[in-house]
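*Asks:* Just protein.cif, nothing more (mmCIF, C-alpha atoms):
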data_upload
loop_
_atom_site.label_atom_id
_atom_site.label_comp_id
_atom_site.auth_asym_id
_atom_site.auth_seq_id
_atom_site.Cartn_x
_atom_site.Cartn_y
_atom_site.Cartn_z
CA MET A 1220 53.47 12.65 148.71
CA LYS A 1221 56.55 14.74 149.38
CA THR A 1222 55.34 17.30 146.85
CA LYS A 1223 51.93 17.47 148.49
CA LEU A 1224 53.47 17.98 151.92
CA THR A 1225 55.74 20.70 150.56
CA ILE A 1226 52.79 22.48 148.95
CA LEU A 1227 50.78 22.21 152.15
CA PHE A 1228 53.70 23.58 154.15
CA LEU A 1229 54.17 26.50 151.75
CA VAL A 1230 50.46 27.33 151.77
CA THR A 1231 50.44 27.30 155.57
CA VAL A 1232 53.47 29.57 155.76
CA ALA A 1233 52.01 31.90 153.15
CA SER A 1234 48.72 32.19 155.01
CA VAL A 1235 50.52 32.98 158.24
CA VAL A 1236 52.76 35.57 156.58
CA LEU A 1237 49.99 37.17 154.56
CA ALA A 1238 47.60 37.34 157.53
CA ALA A 1239 50.19 38.60 159.97
CA PRO A 1240 49.07 41.32 162.36
CA GLN A 1241 50.19 44.78 161.36
CA SER A 1242 50.97 47.71 163.55
CA PHE A 1243 49.18 50.97 162.66
CA ASP A 1244 50.43 54.30 163.96
CA PHE A 1245 47.70 56.90 164.47
CA LYS A 1246 49.89 59.98 164.68
CA ASP A 1247 48.64 61.87 161.63
CA PRO A 1248 51.10 64.16 159.80
CA LYS A 1249 48.16 65.54 157.78
CA GLY A 1250 46.34 66.66 160.94
CA ILE A 1251 43.02 65.16 159.88
CA ASN A 1252 42.64 62.62 162.68
CA ASN A 1253 40.27 64.08 165.20
CA ALA A 1254 38.10 63.29 168.17
CA GLY A 1255 34.91 65.33 168.41
CA PHE A 1256 32.81 66.03 171.48
CA LYS A 1257 29.43 67.58 172.09
CA LEU A 1258 27.54 68.57 175.24
CA ASP A 1259 24.23 70.33 175.71
CA ALA A 1260 24.24 73.75 177.33
CA PRO A 1261 21.52 76.41 177.81
CA LEU A 1262 22.52 79.02 175.18
CA GLU A 1263 24.08 76.71 172.59
CA ALA A 1264 25.53 73.21 172.47
CA ILE A 1265 29.21 72.97 173.26
CA ASN A 1266 30.89 71.53 170.18
CA GLY A 1267 34.59 70.91 170.03
CA SER A 1268 37.30 68.69 168.66
CA ALA A 1269 40.78 67.48 169.46
CA SER A 1270 43.49 66.92 166.90
CA GLY A 1271 46.24 65.62 169.16
CA VAL A 1272 45.54 61.98 168.39
CA SER A 1273 48.18 59.26 168.68
CA GLY A 1274 48.45 55.61 169.52
CA VAL A 1275 49.15 52.23 168.02
CA VAL A 1276 46.68 49.53 167.01
CA THR A 1277 47.64 46.04 165.94
CA PHE A 1278 45.27 44.72 163.28
CA ASP A 1279 45.26 41.43 161.43
CA PRO A 1280 43.21 41.53 158.21
CA GLY A 1281 42.76 37.77 158.52
CA ASP A 1282 41.52 37.99 162.12
CA PRO A 1283 39.99 41.41 162.85
CA GLY A 1284 38.61 40.16 166.15
CA ALA A 1285 42.16 39.94 167.48
CA THR A 1286 42.71 43.67 167.09
CA LYS A 1287 44.36 45.32 170.06
CA GLY A 1288 45.64 48.77 170.75
CA LYS A 1289 45.48 52.10 172.50
CA ILE A 1290 44.37 55.48 171.20
CA ILE A 1291 45.49 58.60 173.02
CA VAL A 1292 44.16 62.14 172.75
CA ALA A 1293 46.21 65.02 174.17
CA THR A 1294 43.93 66.90 176.58
CA GLY A 1295 45.55 70.19 175.67
CA SER A 1296 44.57 69.78 172.03
CA LEU A 1297 40.85 70.09 172.81
CA MET A 1298 39.47 73.14 171.02
CA LEU A 1299 36.32 75.22 171.42
CA SER A 1300 35.14 78.30 169.56
CA ASN A 1301 34.93 80.46 172.67
CA PRO A 1302 38.32 81.08 174.33
CA MET A 1303 36.92 81.55 177.83
CA GLN A 1304 35.00 78.28 177.63
CA ARG A 1305 38.18 76.53 176.48
CA THR A 1306 40.21 78.01 179.33
CA HIS A 1307 37.60 76.82 181.85
CA MET A 1308 37.40 73.40 180.22
CA LEU A 1309 41.16 72.81 180.49
CA SER A 1310 41.45 74.32 183.98
CA ASP A 1311 41.88 72.35 187.19
CA LYS A 1312 38.16 72.80 187.90
CA TRP A 1313 37.19 70.71 184.87
CA LEU A 1314 39.60 68.52 182.83
CA ASP A 1315 42.75 69.68 184.63
CA ALA A 1316 44.85 69.30 181.48
CA THR A 1317 48.10 70.08 183.29
CA ARG A 1318 47.77 67.15 185.69
CA PHE A 1319 46.01 64.82 183.24
CA PRO A 1320 47.52 65.48 179.80
CA GLU A 1321 46.07 62.38 178.15
CA ILE A 1322 42.67 60.89 177.45
CA SER A 1323 42.91 57.30 176.28
CA PHE A 1324 41.07 54.17 175.26
CA GLU A 1325 42.84 50.81 175.44
CA SER A 1326 41.04 47.85 173.90
CA LYS A 1327 40.77 44.51 175.64
CA ALA A 1328 38.37 42.46 173.57
CA PHE A 1329 36.36 42.56 170.36
CA LYS A 1330 32.89 41.02 170.27
CA ASN A 1331 30.13 40.69 167.65
CA VAL A 1332 32.76 40.94 164.93
CA GLN A 1333 31.32 41.14 161.43
CA THR A 1334 33.47 41.59 158.36
CA ALA A 1335 32.27 42.47 154.87
CA GLY A 1336 35.06 43.11 152.41
CA ASP A 1337 37.44 45.64 153.87
CA THR A 1338 35.06 46.76 156.60
CA THR A 1339 34.71 45.26 160.05
CA THR A 1340 32.17 46.27 162.68
CA ALA A 1341 32.46 45.15 166.25
CA ASP A 1342 31.80 46.04 169.87
CA VAL A 1343 35.08 46.85 171.56
CA THR A 1344 35.46 46.51 175.30
CA GLY A 1345 38.28 48.45 176.78
CA THR A 1346 39.48 50.91 179.40
CA PHE A 1347 38.59 54.56 178.87
CA THR A 1348 40.67 56.95 180.97
CA LEU A 1349 39.70 60.58 181.49
CA LYS A 1350 41.00 62.95 184.18
CA GLY A 1351 42.86 60.07 185.77
CA VAL A 1352 39.74 57.93 186.17
CA SER A 1353 39.55 54.63 184.27
CA LYS A 1354 36.29 52.89 183.41
CA GLU A 1355 35.52 49.86 181.32
CA LEU A 1356 33.39 50.73 178.32
CA THR A 1357 31.98 48.80 175.39
CA VAL A 1358 31.97 50.88 172.25
CA PRO A 1359 30.72 50.09 168.72
CA VAL A 1360 33.47 50.63 166.16
CA LYS A 1361 33.90 50.40 162.43
CA LEU A 1362 37.30 49.46 161.02
CA THR A 1363 38.15 49.88 157.36
CA TYR A 1364 41.33 48.28 156.10
CA LEU A 1365 42.77 50.04 153.06
CA LYS A 1366 45.50 47.89 151.61
CA ASP A 1367 48.33 49.71 149.78
CA LYS A 1368 46.60 53.09 150.17
CA LEU A 1369 49.21 54.82 152.32
CA GLY A 1370 50.91 56.16 149.19
CA ASP A 1371 47.65 57.89 148.12
CA ARG A 1372 47.58 59.76 151.41
CA LEU A 1373 51.27 60.40 151.94
CA PRO A 1374 53.33 60.56 148.75
CA ASN A 1375 56.59 58.60 148.66
CA GLN A 1376 55.34 56.15 151.25
CA LYS A 1377 54.13 52.61 150.77
CA GLY A 1378 51.92 50.71 153.12
CA ASP A 1379 48.41 50.17 154.38
CA LEU A 1380 45.85 52.30 156.18
CA LEU A 1381 43.39 51.42 158.91
CA VAL A 1382 40.45 53.76 159.44
CA ILE A 1383 38.62 53.65 162.77
CA ARG A 1384 35.27 55.30 163.34
CA ALA A 1385 33.44 55.24 166.65
CA ASN A 1386 30.56 57.09 168.28
CA PHE A 1387 29.72 56.69 171.93
CA ILE A 1388 28.45 58.48 175.01
CA ILE A 1389 30.03 58.99 178.40
CA LYS A 1390 28.99 60.87 181.53
CA ARG A 1391 31.38 63.38 182.99
CA SER A 1392 30.18 62.47 186.48
CA ASP A 1393 31.61 58.96 185.97
CA PHE A 1394 35.05 60.54 185.58
CA ASN A 1395 34.93 62.88 188.56
CA ILE A 1396 34.38 65.99 186.41
CA ASN A 1397 32.26 68.13 188.75
CA PRO A 1398 29.83 65.29 189.43
CA GLY A 1399 26.30 66.51 190.13
CA GLN A 1400 27.31 70.16 189.67
CA PHE A 1401 26.52 72.78 187.03
CA GLU A 1402 24.22 70.36 185.16
CA ASP A 1403 21.96 73.30 184.30
CA LYS A 1404 24.91 74.91 182.50
CA VAL A 1405 26.93 71.93 181.22
CA ALA A 1406 25.24 68.61 180.51
CA ASP A 1407 26.46 65.46 182.24
CA THR A 1408 26.22 63.49 179.00
CA ILE A 1409 29.02 63.90 176.47
CA GLU A 1410 28.80 62.56 172.93
CA LEU A 1411 32.17 61.48 171.57
CA ASN A 1412 33.09 60.60 168.03
CA LEU A 1413 36.36 59.32 166.68
CA SER A 1414 37.46 59.58 163.04
CA ILE A 1415 41.03 58.45 162.67
CA ALA A 1416 43.34 56.75 160.23
CA GLY A 1417 46.48 54.84 161.12
CA ALA A 1418 49.40 54.01 158.88
CA SER A 1419 51.37 50.81 158.57
CA PRO A 1420 54.38 51.54 156.32
CA LYS A 1421 56.06 48.74 154.44
CA MET B 1396 29.20 132.00 191.47
CA PHE B 1397 32.19 132.09 189.07
CA VAL B 1398 32.98 128.41 189.83
CA ARG B 1399 29.37 127.31 189.49
CA SER B 1400 29.09 129.08 186.18
CA GLU B 1401 32.26 127.32 184.95
CA LEU B 1402 30.91 123.98 186.03
CA SER B 1403 27.60 124.43 184.29
CA ASP B 1404 29.46 125.61 181.15
CA TRP B 1405 31.02 122.21 180.51
CA SER B 1406 28.50 120.08 182.36
CA LYS B 1407 25.88 120.15 179.60
CA PRO B 1408 28.25 119.32 176.74
CA MET B 1409 29.86 116.59 178.86
CA LYS B 1410 26.48 115.06 179.59
CA LYS B 1411 25.56 115.14 175.91
CA THR B 1412 28.91 113.69 174.88
CA LEU B 1413 28.68 110.80 177.28
CA ARG B 1414 25.16 109.95 176.15
CA LEU B 1415 26.18 110.26 172.53
CA ILE B 1416 29.10 107.89 173.05
CA ALA B 1417 26.78 105.46 174.84
CA ALA B 1418 24.31 105.58 171.95
CA ILE B 1419 27.08 105.11 169.37
CA LEU B 1420 28.41 102.19 171.38
CA VAL B 1421 25.05 100.40 171.47
CA VAL B 1422 24.15 101.08 167.85
CA GLY B 1423 27.66 100.23 166.67
CA ALA B 1424 27.70 96.98 168.61
CA ILE B 1425 24.31 95.90 167.30
CA THR B 1426 25.29 96.81 163.74
CA PHE B 1427 28.60 94.95 163.97
CA TRP B 1428 26.91 91.94 165.55
CA ALA B 1429 24.22 91.82 162.85
CA ALA B 1430 26.75 92.27 160.03
CA ALA B 1431 28.88 89.46 161.42
CA GLY B 1432 26.00 87.01 161.19
CA ALA B 1433 23.81 87.82 164.21
CA ASN B 1434 25.27 84.94 166.21
CA HIS B 1435 22.81 84.03 168.98
CA GLY B 1436 25.42 82.03 170.85
CA TRP B 1437 28.62 82.97 172.64
CA THR B 1438 31.34 85.07 171.03
CA LYS B 1439 33.77 83.01 169.02
CA THR B 1440 37.42 83.63 168.24
CA HIS B 1441 37.92 80.39 166.28
CA ILE B 1442 35.60 78.61 163.91
CA PRO B 1443 35.84 75.00 162.78
CA LYS B 1444 36.37 74.26 159.11
CA LYS B 1445 35.76 70.75 157.81
CA ILE B 1446 38.40 69.19 155.60
CA VAL B 1447 37.91 65.90 153.83
CA ASP B 1448 40.63 63.37 153.24
CA GLU B 1449 39.88 61.86 149.87
CA THR B 1450 41.77 58.64 150.48
CA THR B 1451 40.04 57.63 153.70
CA GLY B 1452 36.82 59.67 153.47
CA LEU B 1453 37.54 61.06 156.93
CA GLU B 1454 36.28 64.52 157.83
CA GLY B 1455 38.86 66.43 159.79
CA VAL B 1456 38.49 69.77 161.55
CA GLN B 1457 40.77 72.76 161.13
CA TRP B 1458 40.26 75.69 163.49
CA GLN B 1459 40.53 79.10 161.86
CA ASP B 1460 41.03 82.39 163.64
CA LYS B 1461 37.86 84.43 163.21
CA PHE B 1462 36.09 86.82 165.54
CA VAL B 1463 32.32 86.28 165.58
CA PRO B 1464 30.54 88.45 168.15
CA GLY B 1465 27.86 86.78 170.20
CA VAL B 1466 25.24 87.79 172.77
CA ASP B 1467 27.96 88.33 175.39
CA PHE B 1468 29.50 90.93 173.08
CA LEU B 1469 26.14 92.76 172.98
CA ALA B 1470 25.84 92.46 176.75
CA VAL B 1471 29.28 94.02 177.30
CA ALA B 1472 28.50 96.85 174.88
CA GLY B 1473 25.15 97.42 176.59
CA LEU B 1474 26.83 97.43 179.99
CA GLY B 1475 29.43 99.93 178.80
CA ALA B 1476 26.74 102.17 177.37
CA GLY B 1477 24.79 101.90 180.58
CA ILE B 1478 27.80 102.94 182.64
CA LEU B 1479 28.46 105.94 180.41
CA ALA B 1480 24.81 106.97 180.54
CA GLY B 1481 24.85 106.54 184.29
CA ILE B 1482 27.92 108.75 184.65
CA SER B 1483 26.21 111.38 182.51
CA MET B 1484 23.48 111.64 185.16
CA PHE B 1485 26.00 113.14 187.58
CA PHE B 1486 26.46 116.15 185.35
CA ARG B 1487 23.64 118.44 186.37
CA THR B 1488 22.58 121.26 184.08
CA LYS B 1489 21.00 124.31 185.62
CA SER B 1490 17.59 124.89 184.01
CA LYS B 1491 16.84 128.53 183.26
#
Show the structure stored in the file as structure tokens.
*Replies:*
Amino acid sequence: MKTKLTILFLVTVASVVLAAPQSFDFKDPKGINNAGFKLDAPLEAINGSASGVSGVVTFDPGDPGATKGKIIVATGSLMLSNPMQRTHMLSDKWLDATRFPEISFESKAFKNVQTAGDTTTADVTGTFTLKGVSKELTVPVKLTYLKDKLGDRLPNQKGDLLVIRANFIIKRSDFNINPGQFEDKVADTIELNLSIAGASPK
Amino acid sequence: MFVRSELSDWSKPMKKTLRLIAAILVVGAITFWAAAGANHGWTKTHIPKKIVDETTGLEGVQWQDKFVPGVDFLAVAGLGAGILAGISMFFRTKSK
């Protein structure tokens, strides 16, 4: 009886330890993490990306639905091919990067969580903040947990990786970015995509 | 009479030179634009290059410095040529 209780206790402790939430840092020394954006415009679509991604997400492989965290994109890291367009985009008339240096998404709840192997899909509800305006959004995400793969990405390091992919749409008018203006030149609808990997060193 | 003669001496070559420069500007701009890929969008000074991280499968973007002339480049060249051609109209040549 004592042996059985001991075994049960050890199994319980092991399951708690093994399934403990891990903290993943999304600051990428390789510079691959990026957030892409696309808007329609008369001559050609405006396609850009931002590499200044950071943030921390807590993920439990045993309970992906309990994932919480915040991803931040530095406004000044947004890049476009045309320098004048980029200058306008970051100016006080559009994103006002000086006053609002961060764009962020902070998760509150995960719903419709489905896990198959290392991959989890879910609808994440959270607060999206752009140009100082915060709105609650629900965004479909795909999380891929790569156990012990940190060393493959960054030599001499041991740990796990968490890859987050998300695609969603916002309207600039919802975030006070020239609402109702210049829609013949710059579309109101913005497609966003996130392709990022976070590291949890051991 | 002496002054008018002097003026007409350099007026014709000046007119021709300005129009020649305007023509070279337009032809040169079109040639450069076509050779650089005939970009029908805006002029670019950076182009995105995709990089793939083999471990995660993520596609990252690296921005490379590269000048790719667009339709605005042609418009500026055309405007410049137009201005030069317009200035050339002020040089009157006396027809004999």
*Asks:* To one decimal place in Å, what is the distance between atom CA of Val1332 of chain A and atom CA of Leu1356 of chain A?
*Replies:*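 For atom CA of Val1332 of chain A relative to atom CA of Leu1356 of chain A, the distance reads 16.6 Å.
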*Asks:* Check which residues satisfy the PyMOL selection byres ((chain B) within 10 of (chain A)) in the file shown, then give them as a compact mmCIF listing (two decimals) with C-alpha atoms, in the coordinates of the input.
*Replies:*
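File produced: part-v6.txt:
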# COMPACT_ATOMS: atom_id res chain seq x y z
CA HIS B 1435 22.81 84.03 168.98
CA GLY B 1436 25.42 82.03 170.85
CA TRP B 1437 28.62 82.97 172.64
CA THR B 1438 31.34 85.07 171.03
CA LYS B 1439 33.77 83.01 169.02
CA THR B 1440 37.42 83.63 168.24
CA HIS B 1441 37.92 80.39 166.28
CA ILE B 1442 35.60 78.61 163.91
CA PRO B 1443 35.84 75.00 162.78
CA LYS B 1445 35.76 70.75 157.81
CA ILE B 1446 38.40 69.19 155.60
CA VAL B 1447 37.91 65.90 153.83
CA ASP B 1448 40.63 63.37 153.24
CA GLU B 1449 39.88 61.86 149.87
CA THR B 1450 41.77 58.64 150.48
CA THR B 1451 40.04 57.63 153.70
CA GLY B 1452 36.82 59.67 153.47
CA LEU B 1453 37.54 61.06 156.93
CA GLU B 1454 36.28 64.52 157.83
CA GLY B 1455 38.86 66.43 159.79
CA VAL B 1456 38.49 69.77 161.55
CA GLN B 1457 40.77 72.76 161.13
CA TRP B 1458 40.26 75.69 163.49
CA GLN B 1459 40.53 79.10 161.86
CA ASP B 1460 41.03 82.39 163.64
CA LYS B 1461 37.86 84.43 163.21
CA PHE B 1462 36.09 86.82 165.54
CA VAL B 1463 32.32 86.28 165.58
CA GLY B 1465 27.86 86.78 170.20
CA VAL B 1466 25.24 87.79 172.77
*Asks:* Taking the file as shown, find all residues satisfying the PyMOL selection byres ((chain B and resi 1417-1429) around 10) and write them as a ChimeraX atom specification.
*Replies:* /B:1411-1416,1430-1435,1438,1463-1466,1468-1481,1483
*Asks:* What does the file look like for those residues with C-alpha atoms, as an mmCIF file, keeping the file's coordinate frame?
*Replies:*
data_model
loop_
_atom_site.group_PDB
_atom_site.id
_atom_site.type_symbol
_atom_site.label_atom_id
_atom_site.label_comp_id
_atom_site.auth_asym_id
_atom_site.auth_seq_id
_atom_site.Cartn_x
_atom_site.Cartn_y
_atom_site.Cartn_z
ATOM 1 C CA LYS B 1411 25.560 115.140 175.910
ATOM 2 C CA THR B 1412 28.910 113.690 174.880
ATOM 3 C CA LEU B 1413 28.680 110.800 177.280
ATOM 4 C CA ARG B 1414 25.160 109.950 176.150
ATOM 5 C CA LEU B 1415 26.180 110.260 172.530
ATOM 6 C CA ILE B 1416 29.100 107.890 173.050
ATOM 7 C CA ALA B 1430 26.750 92.270 160.030
ATOM 8 C CA ALA B 1431 28.880 89.460 161.420
ATOM 9 C CA GLY B 1432 26.000 87.010 161.190
ATOM 10 C CA ALA B 1433 23.810 87.820 164.210
ATOM 11 C CA ASN B 1434 25.270 84.940 166.210
ATOM 12 C CA HIS B 1435 22.810 84.030 168.980
ATOM 13 C CA THR B 1438 31.340 85.070 171.030
ATOM 14 C CA VAL B 1463 32.320 86.280 165.580
ATOM 15 C CA PRO B 1464 30.540 88.450 168.150
ATOM 16 C CA GLY B 1465 27.860 86.780 170.200
ATOM 17 C CA VAL B 1466 25.240 87.790 172.770
ATOM 18 C CA PHE B 1468 29.500 90.930 173.080
ATOM 19 C CA LEU B 1469 26.140 92.760 172.980
ATOM 20 C CA ALA B 1470 25.840 92.460 176.750
ATOM 21 C CA VAL B 1471 29.280 94.020 177.300
ATOM 22 C CA ALA B 1472 28.500 96.850 174.880
ATOM 23 C CA GLY B 1473 25.150 97.420 176.590
ATOM 24 C CA LEU B 1474 26.830 97.430 179.990
ATOM 25 C CA GLY B 1475 29.430 99.930 178.800
ATOM 26 C CA ALA B 1476 26.740 102.170 177.370
ATOM 27 C CA GLY B 1477 24.790 101.900 180.580
ATOM 28 C CA ILE B 1478 27.800 102.940 182.640
ATOM 29 C CA LEU B 1479 28.460 105.940 180.410
ATOM 30 C CA ALA B 1480 24.810 106.970 180.540
ATOM 31 C CA GLY B 1481 24.850 106.540 184.290
ATOM 32 C CA SER B 1483 26.210 111.380 182.510
#
*Asks:* Could you tell me which of A:Phe1256, A:Trp1313, A:Phe1319, A:Phe1324 comes closest to Gly1274 of chain A if we count only C-alpha atoms?
*Replies:*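 With only C-alpha atoms as the atom set, the closest residue is A:Phe1324.
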*Asks:* Would you please work out which residue, of A:Thr1357, A:Thr1294, A:Ser1310, A:Asn1395, is nearest to Glu1325 of chain A when using only C-alpha atoms?
*Replies:* A:Thr1357
*Asks:* For the atom pair atom CA of Thr1334 of chain A and atom CA of Asn1412 of chain A, what is the interatomic distance in Å to one decimal place?
*Replies:* 21.3 Å
*Asks:* Just the number, please: distance in Å from atom CA of Val1276 of chain A to atom CA of Phe1387 of chain A, one decimal.
*Replies:* 19.1 Å
*Asks:* For Ile1409 of chain A, please output as a PyMOL selection string all residues within 6 Å (counting only C-alpha atoms; exclusion window: fewer than 6 positions along the same chain).
*Replies:* chain A and resi 1257-1258+1388-1390
*Asks:* For the residues in the current selection, export C-alpha atoms as a short mmCIF file (atom, residue, chain, number, x, y, z; two decimals), keeping the file's coordinate frame.
*Replies:*
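So the final result, stored in selection.cif, reads:
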data_model
loop_
_atom_site.label_atom_id
_atom_site.label_comp_id
_atom_site.auth_asym_id
_atom_site.auth_seq_id
_atom_site.Cartn_x
_atom_site.Cartn_y
_atom_site.Cartn_z
CA LYS A 1257 29.43 67.58 172.09
CA LEU A 1258 27.54 68.57 175.24
CA ILE A 1388 28.45 58.48 175.01
CA ILE A 1389 30.03 58.99 178.40
CA LYS A 1390 28.99 60.87 181.53
#
*Asks:* Report the centre and edge lengths, in Å to one decimal, of an axis-aligned box enclosing every atom of segment 1384-1393 of chain A listed in the file, padded by 5 Å on each side, as AutoDock Vina command-line options.
*Replies:*
--center_x 31.9 --center_y 59.3 --center_z 174.9 --size_x 16.8 --size_y 18.1 --size_z 33.1
